[in-house]
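Asks: Below you'll find model_13.txt; it's compact mmCIF, C-alpha atoms.
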```
# COMPACT_ATOMS: atom_id res chain seq x y z
CA MET W 1 56.31 108.09 82.39
CA ALA W 2 56.48 107.43 78.69
CA LEU W 3 54.78 110.74 77.96
CA PRO W 4 57.45 113.02 79.50
CA LEU W 5 60.14 110.94 77.82
CA MET W 6 58.48 111.39 74.46
CA LEU W 7 58.02 115.12 75.03
CA ARG W 8 61.61 115.46 76.21
CA SER W 9 63.02 113.66 73.19
CA ALA W 10 60.89 115.75 70.88
CA GLN W 11 62.21 118.85 72.61
CA LYS W 12 65.77 117.63 72.29
CA ALA W 13 65.43 116.81 68.60
CA GLN W 14 64.03 120.24 67.95
CA GLY W 15 66.84 121.76 70.00
CA TYR W 16 69.68 119.99 68.23
CA SER W 17 68.40 120.97 64.81
CA CYS W 18 68.24 124.59 66.05
CA ILE W 19 71.79 124.47 67.41
CA LEU W 20 73.14 123.08 64.17
CA ARG W 21 71.58 125.93 62.29
CA CYS W 22 73.21 128.45 64.67
CA SER W 23 76.37 130.23 63.67
CA PRO W 24 79.19 128.96 65.94
CA VAL W 25 80.04 132.38 67.41
CA ALA W 26 81.59 130.89 70.53
CA PHE W 27 84.21 128.92 68.62
CA LYS W 28 85.54 131.69 66.40
CA ASN W 29 88.41 132.98 68.55
CA THR W 30 89.66 129.74 70.16
CA ASN W 31 93.08 128.20 69.52
CA TYR W 32 93.07 125.34 67.11
CA VAL W 33 96.29 123.59 66.20
CA SER W 34 96.91 123.75 62.44
CA LEU W 35 93.22 123.64 61.57
CA PRO W 36 91.72 125.04 58.39
CA GLN W 37 88.98 127.73 58.49
CA LEU W 38 85.75 126.44 59.98
CA PRO W 39 82.77 126.65 57.66
CA ASN W 40 79.84 128.51 59.15
CA ARG W 41 77.27 125.88 59.71
CA THR W 42 78.22 122.26 59.74
CA SER W 43 77.83 119.26 62.02
CA SER W 44 81.38 118.26 61.11
CA SER W 45 82.59 121.09 63.38
CA LEU W 46 82.45 118.45 66.10
CA VAL W 47 84.74 116.20 64.06
CA GLN W 48 87.22 119.03 63.42
CA LYS W 49 87.51 119.70 67.15
CA THR W 50 89.06 116.27 67.80
CA PRO W 51 92.72 117.27 67.14
CA ILE W 52 92.70 119.33 70.37
CA LEU W 53 91.10 116.48 72.29
CA LEU W 54 93.64 114.00 70.92
CA GLN W 55 96.49 116.36 71.79
CA SER W 56 95.20 116.67 75.35
CA LYS W 57 94.91 112.92 75.53
CA ILE W 58 98.56 112.49 74.59
CA LEU W 59 99.66 115.08 77.15
CA THR W 60 97.52 113.69 79.97
CA ASN W 61 98.14 109.99 79.36
CA PRO W 62 101.39 109.23 81.24
CA VAL W 63 102.25 106.19 79.14
CA MET W 64 101.97 108.11 75.88
CA ARG W 65 103.84 111.10 77.29
CA CYS W 66 106.74 108.95 78.43
CA MET W 67 106.92 107.38 75.01
CA SER W 68 107.18 110.80 73.40
CA GLU W 69 109.98 111.94 75.71
CA GLY W 70 113.58 110.78 75.99
CA GLY W 71 114.26 110.02 72.36
CA ASP W 72 114.83 106.68 70.66
CA HIS W 73 115.14 103.76 73.06
CA ARG W 74 115.79 101.11 70.40
CA MET W 75 119.61 101.20 70.48
CA LYS W 76 119.64 101.11 74.27
CA TRP W 77 117.32 98.08 74.24
CA THR W 78 119.59 96.23 71.80
CA ILE W 79 122.71 97.00 73.85
CA GLU W 80 120.95 95.80 77.01
CA ARG W 81 120.18 92.45 75.38
CA LEU W 82 123.73 92.15 73.98
CA ILE W 83 125.21 92.73 77.45
CA SER W 84 122.81 90.10 78.87
CA VAL W 85 123.86 87.56 76.26
CA GLY W 86 127.51 88.43 76.85
CA LEU W 87 127.14 87.89 80.58
CA ILE W 88 125.79 84.37 80.03
CA GLY W 89 129.15 83.32 78.62
CA LEU W 90 131.36 85.77 80.49
CA LEU W 91 130.58 84.85 84.09
CA PRO W 92 131.23 81.09 83.83
CA LEU W 93 134.33 81.83 81.74
CA THR W 94 135.83 84.29 84.20
CA ILE W 95 135.23 81.88 87.08
CA ALA W 96 136.71 78.97 85.13
CA THR W 97 139.74 80.85 83.77
CA PRO W 98 140.36 83.92 85.94
CA ASN W 99 142.62 86.59 84.46
CA PRO W 100 142.78 90.41 84.76
CA ILE W 101 141.26 91.15 81.35
CA LEU W 102 138.20 88.96 81.88
CA ASP W 103 137.85 90.28 85.44
CA ASN W 104 137.70 93.89 84.28
CA VAL W 105 135.38 93.16 81.34
CA THR W 106 133.10 91.29 83.76
CA ALA W 107 133.20 94.21 86.18
CA VAL W 108 132.07 96.66 83.48
CA ALA W 109 129.42 94.37 81.99
CA VAL W 110 127.99 93.38 85.37
CA THR W 111 127.82 97.00 86.49
CA LEU W 112 126.03 98.07 83.32
CA HIS W 113 123.52 95.23 83.67
CA ILE W 114 122.98 96.04 87.37
CA HIS W 115 122.58 99.75 86.60
CA TRP W 116 119.82 99.20 84.04
CA GLY W 117 118.13 96.74 86.37
CA ILE W 118 118.00 98.90 89.49
CA GLU W 119 117.18 101.98 87.41
CA ALA W 120 114.11 100.15 86.10
CA MET W 121 113.14 99.16 89.65
CA ALA W 122 113.49 102.72 90.94
CA GLU W 123 111.49 104.11 88.02
CA ASP W 124 108.73 101.51 88.39
CA TYR W 125 108.24 101.58 92.16
CA LEU W 126 109.41 104.99 93.36
CA ARG W 127 107.11 107.00 91.15
CA PRO W 128 106.34 110.69 91.88
CA ILE W 129 102.64 109.97 92.35
CA VAL W 130 103.48 107.39 95.03
CA VAL W 131 106.47 108.82 96.96
CA GLY W 132 106.56 112.46 95.83
CA ASN W 133 108.87 114.33 93.49
CA ALA W 134 111.80 114.67 95.91
CA ILE W 135 112.15 110.98 96.76
CA SER W 136 111.67 110.00 93.11
CA LYS W 137 114.57 112.21 92.00
CA ALA W 138 116.69 111.14 95.00
CA ALA W 139 116.11 107.48 94.09
CA LEU W 140 117.48 108.01 90.60
CA ILE W 141 120.54 109.76 92.03
CA ALA W 142 120.95 106.88 94.51
CA VAL W 143 120.88 104.42 91.59
CA TYR W 144 123.73 106.27 89.91
CA ILE W 145 125.67 106.37 93.19
CA VAL W 146 125.24 102.62 93.70
CA SER W 147 126.34 101.89 90.13
CA THR W 148 129.38 104.15 90.45
CA VAL W 149 130.42 102.63 93.79
CA THR W 150 129.94 99.12 92.37
CA LEU W 151 132.02 99.82 89.27
CA GLY W 152 134.72 101.70 91.13
CA GLY W 153 134.85 99.11 93.87
CA LEU W 154 135.03 96.15 91.49
CA LEU W 155 137.76 97.77 89.37
CA TYR W 156 139.68 98.69 92.53
CA PHE W 157 139.25 95.14 93.79
CA ASN W 158 140.53 93.72 90.50
CA TYR W 159 143.55 96.05 90.69
CA THR W 160 144.56 95.68 94.35
CA ASP W 161 143.22 92.24 95.22
CA ILE W 162 143.01 88.85 93.52
CA GLY W 163 140.17 89.66 91.07
CA ILE W 164 136.51 88.67 90.70
CA GLY W 165 137.07 85.17 89.24
CA LYS W 166 139.62 84.16 91.85
CA VAL W 167 137.65 85.48 94.83
CA ILE W 168 134.54 83.54 93.82
CA ARG W 169 136.64 80.39 93.46
CA LYS W 170 138.30 81.06 96.81
CA PHE W 171 134.97 81.64 98.56
CA TRP W 172 133.52 78.49 97.04
CA ALA W 173 136.61 76.49 97.98
CA VAL W 174 136.25 77.20 101.72
CA GLN W 175 136.68 73.89 103.51
CA PRO W 176 134.36 72.83 106.37
CA CYS W 177 135.96 73.00 109.77
CA MET K 1 53.90 115.90 87.50
CA SER K 2 57.05 116.09 85.44
CA VAL K 3 54.82 116.58 82.42
CA VAL K 4 53.24 119.60 84.06
CA CYS K 5 56.65 121.09 84.92
CA ARG K 6 58.02 120.59 81.45
CA LEU K 7 54.93 121.95 79.78
CA ALA K 8 54.94 124.94 82.10
CA SER K 9 58.40 126.03 80.98
CA ARG K 10 57.50 125.97 77.30
CA ARG K 11 55.93 128.74 75.32
CA VAL K 12 52.33 127.74 74.63
CA THR K 13 51.80 129.95 71.57
CA PRO K 14 54.43 129.74 68.84
CA GLN K 15 56.36 132.96 68.35
CA LEU K 16 55.80 134.03 64.77
CA ILE K 17 57.19 137.58 64.88
CA PHE K 18 60.72 137.93 66.33
CA TYR K 19 61.26 141.35 67.94
CA ASN K 20 64.73 140.54 69.21
CA LYS K 21 67.30 138.26 67.63
CA PRO K 22 65.90 134.81 68.36
CA ASP K 23 67.84 132.85 70.95
CA TYR K 24 67.58 129.36 69.53
CA LEU K 25 69.16 127.80 72.62
CA THR K 26 66.54 129.13 75.04
CA LEU K 27 63.72 128.21 72.70
CA SER K 28 64.78 124.65 72.24
CA ARG K 29 65.63 123.57 75.78
CA HIS K 30 63.98 123.98 79.13
CA VAL K 31 67.40 124.80 80.55
CA THR K 32 69.42 127.66 79.16
CA LEU K 33 73.00 127.31 78.03
CA LYS K 34 75.70 129.93 78.17
CA ALA K 35 78.24 129.63 75.41
CA VAL K 36 81.76 130.34 76.69
CA PRO K 37 85.10 130.36 74.83
CA TYR K 38 86.96 127.06 74.70
CA LYS K 39 89.26 126.59 77.72
CA PRO K 40 91.79 123.79 77.22
CA PRO K 41 91.87 121.14 79.99
CA PRO K 42 94.63 121.50 82.61
CA GLU K 43 97.77 119.56 81.77
CA GLN K 44 97.65 116.85 84.39
CA ASP K 45 98.11 113.13 84.45
CA HIS K 46 95.25 110.71 84.87
CA ASP K 47 96.74 109.88 88.29
CA GLU K 48 97.18 113.55 89.30
CA HIS K 49 93.62 114.32 88.23
CA ASN K 50 92.15 111.53 90.34
CA LEU K 51 94.38 112.44 93.27
CA LYS K 52 93.14 116.04 93.17
CA LEU K 53 89.57 114.80 93.11
CA GLY K 54 90.36 112.66 96.15
CA ARG K 55 89.25 109.45 94.48
CA PRO K 56 90.33 106.17 96.10
CA GLN K 57 92.41 103.77 94.04
CA SER K 58 90.91 100.43 93.07
CA PRO K 59 92.52 97.38 94.72
CA HIS K 60 95.05 95.65 92.49
CA LEU K 61 97.78 93.53 94.09
CA SER K 62 95.53 92.58 96.98
CA ILE K 63 92.82 91.05 94.80
CA TYR K 64 94.57 89.67 91.72
CA ALA K 65 94.96 85.88 91.70
CA ILE K 66 98.52 84.64 92.21
CA GLN K 67 99.80 83.08 88.99
CA LEU K 68 103.01 81.45 87.81
CA THR K 69 103.61 84.21 85.27
CA SER K 70 103.64 87.11 87.71
CA THR K 71 105.36 85.11 90.47
CA LEU K 72 108.27 84.11 88.22
CA SER K 73 108.53 87.66 86.90
CA ILE K 74 108.73 89.38 90.28
CA THR K 75 111.12 86.68 91.55
CA HIS K 76 113.36 87.45 88.58
CA ARG K 77 113.41 91.07 89.63
CA MET K 78 114.05 90.24 93.28
CA THR K 79 116.89 87.83 92.51
CA GLY K 80 118.37 90.49 90.26
CA GLY K 81 118.28 92.91 93.16
CA VAL K 82 119.96 90.36 95.44
CA LEU K 83 122.74 89.77 92.90
CA ALA K 84 123.18 93.52 92.58
CA GLY K 85 123.55 93.54 96.35
CA TYR K 86 126.29 90.91 96.12
CA ALA K 87 128.21 93.01 93.58
CA PHE K 88 127.67 96.22 95.56
CA LEU K 89 128.90 94.55 98.77
CA LEU K 90 131.97 93.14 97.01
CA GLY K 91 132.85 96.46 95.41
CA GLY K 92 131.90 98.62 98.35
CA GLY K 93 133.57 96.24 100.79
CA ALA K 94 136.78 96.35 98.80
CA LEU K 95 136.71 100.15 99.06
CA VAL K 96 135.84 100.62 102.73
CA LEU K 97 136.91 97.52 104.63
CA PRO K 98 140.28 97.74 106.44
CA ASP K 99 141.51 94.33 105.30
CA GLN K 100 141.54 92.64 101.91
CA ILE K 101 138.47 90.59 101.00
CA SER K 102 140.54 87.39 100.76
CA HIS K 103 141.42 87.86 104.43
CA TYR K 104 137.73 87.77 105.36
CA VAL K 105 137.13 84.74 103.15
CA ASP K 106 139.87 82.88 105.03
CA ALA K 107 138.12 83.70 108.30
CA ILE K 108 134.94 81.72 107.41
CA GLN K 109 134.42 78.79 109.80
CA LEU K 110 131.42 76.56 109.04
CA GLY K 111 130.55 72.87 109.23
CA SER K 112 129.94 70.91 106.02
CA ALA K 113 126.13 70.91 106.28
CA SER K 114 126.03 74.61 107.11
CA LEU K 115 128.46 75.25 104.28
CA PHE K 116 126.31 73.38 101.75
CA THR K 117 123.19 75.18 102.98
CA ALA K 118 124.94 78.54 102.84
CA LYS K 119 126.16 77.88 99.30
CA PHE K 120 122.68 76.67 98.29
CA ILE K 121 121.03 79.82 99.61
CA LEU K 122 123.67 82.16 98.18
CA ALA K 123 123.77 80.52 94.76
CA PHE K 124 120.00 80.26 94.30
CA PRO K 125 119.47 83.90 93.22
CA PHE K 126 122.23 83.41 90.65
CA SER K 127 120.82 80.11 89.27
CA TYR K 128 117.29 81.48 89.10
CA HIS K 129 118.24 84.80 87.53
CA PHE K 130 120.57 83.06 85.06
CA CYS K 131 117.95 80.58 83.82
CA ASN K 132 115.08 83.07 83.80
CA GLY K 133 117.35 85.56 82.03
CA ILE K 134 117.84 83.03 79.24
CA ARG K 135 114.04 82.61 79.16
CA HIS K 136 113.67 86.40 78.73
CA LEU K 137 116.20 86.43 75.92
CA ILE K 138 114.31 83.60 74.20
CA TRP K 139 111.19 85.78 74.39
CA ASP K 140 113.16 88.68 72.93
CA LEU K 141 113.85 86.48 69.91
CA GLY K 142 110.09 86.14 69.53
CA LYS K 143 109.79 82.52 70.62
CA PHE K 144 107.25 81.05 73.07
CA LEU K 145 105.32 84.33 73.27
CA ASN K 146 101.99 82.69 74.06
CA LEU K 147 100.45 81.55 77.32
CA GLN K 148 101.28 77.88 76.75
CA GLY K 149 104.88 78.78 75.89
CA VAL K 150 105.22 81.01 78.94
CA TYR K 151 104.05 78.24 81.25
CA THR K 152 106.15 75.55 79.55
CA THR K 153 109.34 77.62 79.59
CA GLY K 154 108.48 78.67 83.14
CA TYR K 155 108.42 75.11 84.48
CA ALA K 156 111.49 74.20 82.42
CA MET K 157 113.32 77.19 83.85
CA LEU K 158 112.40 76.28 87.44
CA GLY K 159 113.61 72.73 86.94
CA SER K 160 116.90 73.78 85.38
CA ALA K 161 117.44 76.46 88.03
CA VAL K 162 117.07 73.92 90.83
CA VAL K 163 119.37 71.41 89.09
CA MET K 164 121.94 74.12 88.39
CA ASN K 165 121.78 75.26 92.00
CA ILE K 166 122.33 71.76 93.38
CA VAL K 167 125.28 71.27 91.03
CA LEU K 168 126.80 74.63 92.00
CA SER K 169 126.34 74.07 95.74
CA ALA K 170 128.02 70.68 95.51
CA MET K 171 131.12 72.15 93.85
```
What is this file in structure tokens?
Replies:
Amino acid sequence: MALPLMLRSAQKAQGYSCILRCSPVAFKNTNYVSLPQLPNRTSSSLVQKTPILLQSKILTNPVMRCMSEGGDHRMKWTIERLISVGLIGLLPLTIATPNPILDNVTAVAVTLHIHWGIEAMAEDYLRPIVVGNAISKAALIAVYIVSTVTLGGLLYFNYTDIGIGKVIRKFWAVQPC
Amino acid sequence: MSVVCRLASRRVTPQLIFYNKPDYLTLSRHVTLKAVPYKPPPEQDHDEHNLKLGRPQSPHLSIYAIQLTSTLSITHRMTGGVLAGYAFLLGGGALVLPDQISHYVDAIQLGSASLFTAKFILAFPFSYHFCNGIRHLIWDLGKFLNLQGVYTTGYAMLGSAVVMNIVLSAM
């Protein structure tokens, strides 16, 4: 068993040295992205092929592709955290001292926070590979519909009814019968 | 036997005079290669590629050990969804219901124990999401971002959420 292995490896070694001395005819007319002229015989031709492979990797890796699309997320991230911090103080305040201004600010802030939250859930769980392209797109539209109804409904409620702060107080103040 | 096969495919006498252009590839290997132009790989996802090949997916949720970290995280998401439901029902109800919301609130008839239980259950998503939300914001400041910190803040959050819930339900 050792003998064929030795013969095979000797064959291979001879073969590789022959290939390296070949002129790379096959690679002359292929598309390289911003690559300088290939020298005729070099083992570094393998190294110079890696830009294409890396490019394919970025296009096929879903995580890296998502990061390259959609632009800069940094400002959105900061605003999300600011709204979260704002809600920590806003909700107890609007329940403690209900008034129309606080009610409407709470309505907007809560709806924004809810929108980003359910959007993240829809994107994470209703992915095209899992539920198909149609349901994935429909889910995102449904998220926007829910957010719109929530915002519109809360603002309408603040305008025509007693307001968010007062209704929570009223509900909590229900006496046992 | 493999020795015999491999030896049989080789030229026994070395070729000293080349009549045709020597094909180095056929000389060097006992299989022949055909050089073809470079064809870029199809633009598909890792997931799409495996789906097309019909490969099964490895088990993940069904085999991973249940831990505090993941449990608290998914509960945060679920409580967030519940609270979103509260807001959606309040807003949507205000839009579609025939009467004002305050009218329906007046119509609630429950005993004191049932009322406390109902308040406890309804307020728990809020207490949990509130306290865990603060924990998330602490992480966003860069604090407690190690395993020990995650577990410590996790238990602290659970304790404070329960206390907050009891206090709220008693109000």
Asks: Please provide the set of residues having any atom within 9 Å of region 69-84 of chain K, restricted to only C-alpha atoms, with same-chain residues fewer than 3 positions apart removed, written as a compact mmCIF listing (two decimals) with C-alpha atoms, in the coordinates of the input.
Replies:
```txt
# COMPACT_ATOMS: atom_id res chain seq x y z
CA VAL W 110 127.99 93.38 85.37
CA THR W 111 127.82 97.00 86.49
CA ILE W 114 122.98 96.04 87.37
CA HIS W 115 122.58 99.75 86.60
CA GLY W 117 118.13 96.74 86.37
CA ILE W 118 118.00 98.90 89.49
CA MET W 121 113.14 99.16 89.65
CA THR W 150 129.94 99.12 92.37
CA ILE K 66 98.52 84.64 92.21
CA ALA K 87 128.21 93.01 93.58
CA PHE K 88 127.67 96.22 95.56
CA LEU K 89 128.90 94.55 98.77
CA PHE K 124 120.00 80.26 94.30
CA PRO K 125 119.47 83.90 93.22
CA PHE K 126 122.23 83.41 90.65
CA TYR K 128 117.29 81.48 89.10
CA HIS K 129 118.24 84.80 87.53
CA ASN K 132 115.08 83.07 83.80
CA GLY K 133 117.35 85.56 82.03
CA LEU K 147 100.45 81.55 77.32
CA VAL K 150 105.22 81.01 78.94
CA TYR K 151 104.05 78.24 81.25
CA GLY K 154 108.48 78.67 83.14
CA LEU K 158 112.40 76.28 87.44
```
Asks: Dump as a ChimeraX atom specification the residues of chain K that approach chain W to within 8 Å, counting only C-alpha atoms.
Replies: /K:2-3,6,24-25,27-29,35-38,41,43-48,80-81,84,87-95,100-102,105-106,108-112,115,119,130,133,137,171
Asks: Which residue out of K:Ile134, K:Leu168, K:Gly159, K:Leu97 has the minimum interatomic distance to Ala118 (chain K) when all atoms listed in the file are used?
Replies: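 That would be K:Leu168, the residue with the smallest distance to Ala118 (chain K).
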Asks: Quick one: residues within 8 Å of Thr117 (chain K), all atoms listed in the file, excluding same-chain residues fewer than 4 positions away - as a list in words?
Replies: Ala113, Ile121 and Ser169 of chain K
Asks: Could the residues in this selection be saved with C-alpha atoms as a PDB file, in the frame of the given file?
Replies:
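Everything below was put into selection-v8.pdb:
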```
ATOM      1  CA  ALA K 113     126.130  70.910 106.280  1.00  0.00           C
ATOM      2  CA  ILE K 121     121.030  79.820  99.610  1.00  0.00           C
ATOM      3  CA  SER K 169     126.340  74.070  95.740  1.00  0.00           C
TER       4      SER K 169
END
```
Asks: Measuring between all atoms listed in the file, which one of K:His103, K:Leu61, K:Asp140, K:Val96 shows the shortest distance to Glu80 (chain W)?
Replies: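 Closest to Glu80 (chain W), using all atoms listed in the file: K:Asp140.
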